[in-house]
>>> print(open('entry.json').read())   # JSON, C-alpha atoms
[["chain", "number", "residue", "atom", "x", "y", "z"],
["F", 1, "MET", "CA", 21.15, 4.07, 25.00],
["F", 2, "LYS", "CA", 22.02, 1.76, 22.15],
["F", 3, "LEU", "CA", 19.44, 1.15, 19.41],
["F", 4, "THR", "CA", 19.80, -1.44, 16.66],
["F", 5, "PRO", "CA", 17.82, -0.97, 13.42],
["F", 6, "ASP", "CA", 15.97, -3.84, 11.77],
["F", 7, "ALA", "CA", 16.17, -4.84, 8.08],
["F", 8, "LYS", "CA", 14.05, -1.82, 7.08],
["F", 9, "ARG", "CA", 16.29, 0.59, 9.11],
["F", 10, "ARG", "CA", 13.65, 1.10, 11.83],
["F", 11, "VAL", "CA", 14.32, 1.45, 15.55],
["F", 12, "VAL", "CA", 11.99, 1.39, 18.57],
["F", 13, "LEU", "CA", 12.22, 4.58, 20.63],
["F", 14, "PRO", "CA", 11.83, 4.74, 24.43],
["F", 15, "PRO", "CA", 8.45, 5.37, 26.17],
["F", 16, "PRO", "CA", 8.18, 9.20, 26.19],
["F", 17, "ILE", "CA", 7.88, 9.04, 22.39],
["F", 18, "GLN", "CA", 4.37, 8.20, 21.23],
["F", 19, "LYS", "CA", 2.84, 7.37, 17.88],
["F", 20, "GLY", "CA", 2.28, 10.58, 15.92],
["F", 21, "ASP", "CA", 5.01, 12.63, 17.67],
["F", 22, "ILE", "CA", 7.14, 14.86, 15.46],
["F", 23, "LEU", "CA", 10.89, 14.32, 15.67],
["F", 24, "LEU", "CA", 13.67, 16.57, 14.40],
["F", 25, "LEU", "CA", 16.87, 14.87, 13.22],
["F", 26, "ASP", "CA", 20.01, 17.06, 13.20],
["F", 27, "GLU", "CA", 23.39, 15.87, 12.02],
["F", 28, "GLN", "CA", 25.95, 16.93, 14.63],
["F", 29, "SER", "CA", 29.03, 15.51, 12.90],
["F", 30, "GLN", "CA", 29.90, 12.56, 10.72],
["F", 31, "ASN", "CA", 28.07, 9.46, 12.06],
["F", 32, "GLN", "CA", 26.52, 11.43, 14.94],
["F", 33, "TRP", "CA", 22.91, 12.70, 15.02],
["F", 34, "LEU", "CA", 20.69, 14.44, 17.54],
["F", 35, "LEU", "CA", 17.04, 13.35, 17.68],
["F", 36, "THR", "CA", 14.72, 15.92, 19.28],
["F", 37, "ARG", "CA", 10.98, 15.59, 19.91],
["F", 38, "ILE", "CA", 9.03, 18.69, 18.89],
["F", 39, "GLU", "CA", 6.00, 19.60, 20.95],
["F", 40, "ARG", "CA", 2.79, 19.33, 18.97],
["F", 41, "PRO", "CA", 0.60, 22.43, 18.88],
["F", 42, "LYS", "CA", -2.65, 22.16, 20.83],
["F", 43, "ARG", "CA", -5.71, 21.57, 18.71],
["F", 44, "VAL", "CA", -8.12, 24.45, 18.61],
["F", 45, "ALA", "CA", -11.76, 23.58, 18.16],
["F", 46, "GLN", "CA", -13.15, 25.41, 15.18],
["F", 47, "ARG", "CA", -16.59, 26.85, 15.58],
["F", 48, "LYS", "CA", -19.06, 26.40, 12.77],
["F", 49, "LEU", "CA", -21.24, 29.28, 11.70],
["F", 50, "ARG", "CA", -24.87, 28.41, 12.14],
["F", 51, "ALA", "CA", -27.70, 30.55, 10.85],
["F", 52, "LYS", "CA", -25.27, 33.38, 10.18],
["F", 53, "SER", "CA", -23.95, 34.69, 6.94],
["F", 54, "VAL", "CA", -20.29, 35.25, 6.22],
["F", 55, "ALA", "CA", -21.03, 38.99, 6.15],
["F", 56, "ASP", "CA", -22.39, 38.86, 9.74],
["F", 57, "ALA", "CA", -19.35, 36.95, 10.93],
["F", 58, "LEU", "CA", -16.96, 39.43, 9.30],
["F", 59, "ALA", "CA", -18.82, 42.42, 10.67],
["F", 60, "LYS", "CA", -18.68, 41.08, 14.25],
["F", 61, "SER", "CA", -15.12, 39.75, 14.17],
["F", 62, "ALA", "CA", -12.48, 41.30, 16.42],
["F", 63, "ARG", "CA", -10.61, 44.35, 15.10],
["F", 64, "ALA", "CA", -12.82, 44.53, 12.03],
["F", 65, "ASN", "CA", -14.22, 47.90, 11.12],
["F", 66, "VAL", "CA", -16.22, 46.62, 8.18],
["F", 67, "GLN", "CA", -19.64, 47.73, 7.07],
["F", 68, "ILE", "CA", -21.42, 45.40, 4.70],
["F", 69, "ALA", "CA", -24.26, 46.58, 2.51],
["F", 70, "PRO", "CA", -27.49, 44.63, 3.04],
["F", 71, "LEU", "CA", -28.45, 44.81, -0.64],
["F", 72, "LYS", "CA", -26.39, 44.17, -3.74],
["F", 73, "ALA", "CA", -27.67, 47.41, -5.26],
["F", 74, "GLU", "CA", -25.87, 49.51, -2.64],
["F", 75, "ARG", "CA", -22.27, 50.44, -3.27],
["F", 76, "LEU", "CA", -19.64, 49.36, -0.83],
["F", 77, "ARG", "CA", -16.91, 51.68, 0.36],
["F", 78, "PRO", "CA", -13.44, 50.13, 0.65],
["F", 79, "ALA", "CA", -12.40, 49.49, 4.25],
["F", 80, "LYS", "CA", -8.91, 50.14, 5.59],
["F", 81, "LEU", "CA", -7.64, 47.14, 7.54]]
>>> encode(input="entry.json", output="structure tokens")
Amino acid sequence: MKLTPDAKRRVVLPPPIQKGDILLLDEQSQNQWLLTRIERPKRVAQRKLRAKSVADALAKSARANVQIAPLKAERLRPAKL
């Protein structure tokens, strides 16, 4: 496929490329480049904490063996993670 750039050095890419895609440009040799589309990572919906404290969320998180003191007056023991 032959692409001709405009005055601002832009080219229009064929249909599989969409707005927002990430492209990797590798120089193969002098005056020869390889353009590769990189797959975008899937978006993960982030859950908001509602009516919970950060301490509750940390205590219930996976692989966490953390005990959090309910009062500031109590001393906390360091946890090994």
>>> residues_around(input="entry.json", residues="segment 7-20 of chain F", least_positions_apart="3", cutoff="12 Å", atoms="only C-alpha atoms", output="list in words")
Met1, Lys2, Leu3, Thr4, Leu23, Leu35, Thr36, Arg37, Ile38, Glu39 and Arg40 of chain F
>>> atom_distance(input="entry.json", atom1="atom CA of Ile22 of chain F", atom2="atom CA of Lys42 of chain F")
13.3 Å
>>> atom_distance(input="entry.json", atom1="atom CA of Asp21 of chain F", atom2="atom CA of Pro41 of chain F")
10.8 Å
>>> atom_distance(input="entry.json", atom1="atom CA of Pro5 of chain F", atom2="atom CA of Gln28 of chain F")
19.7 Å
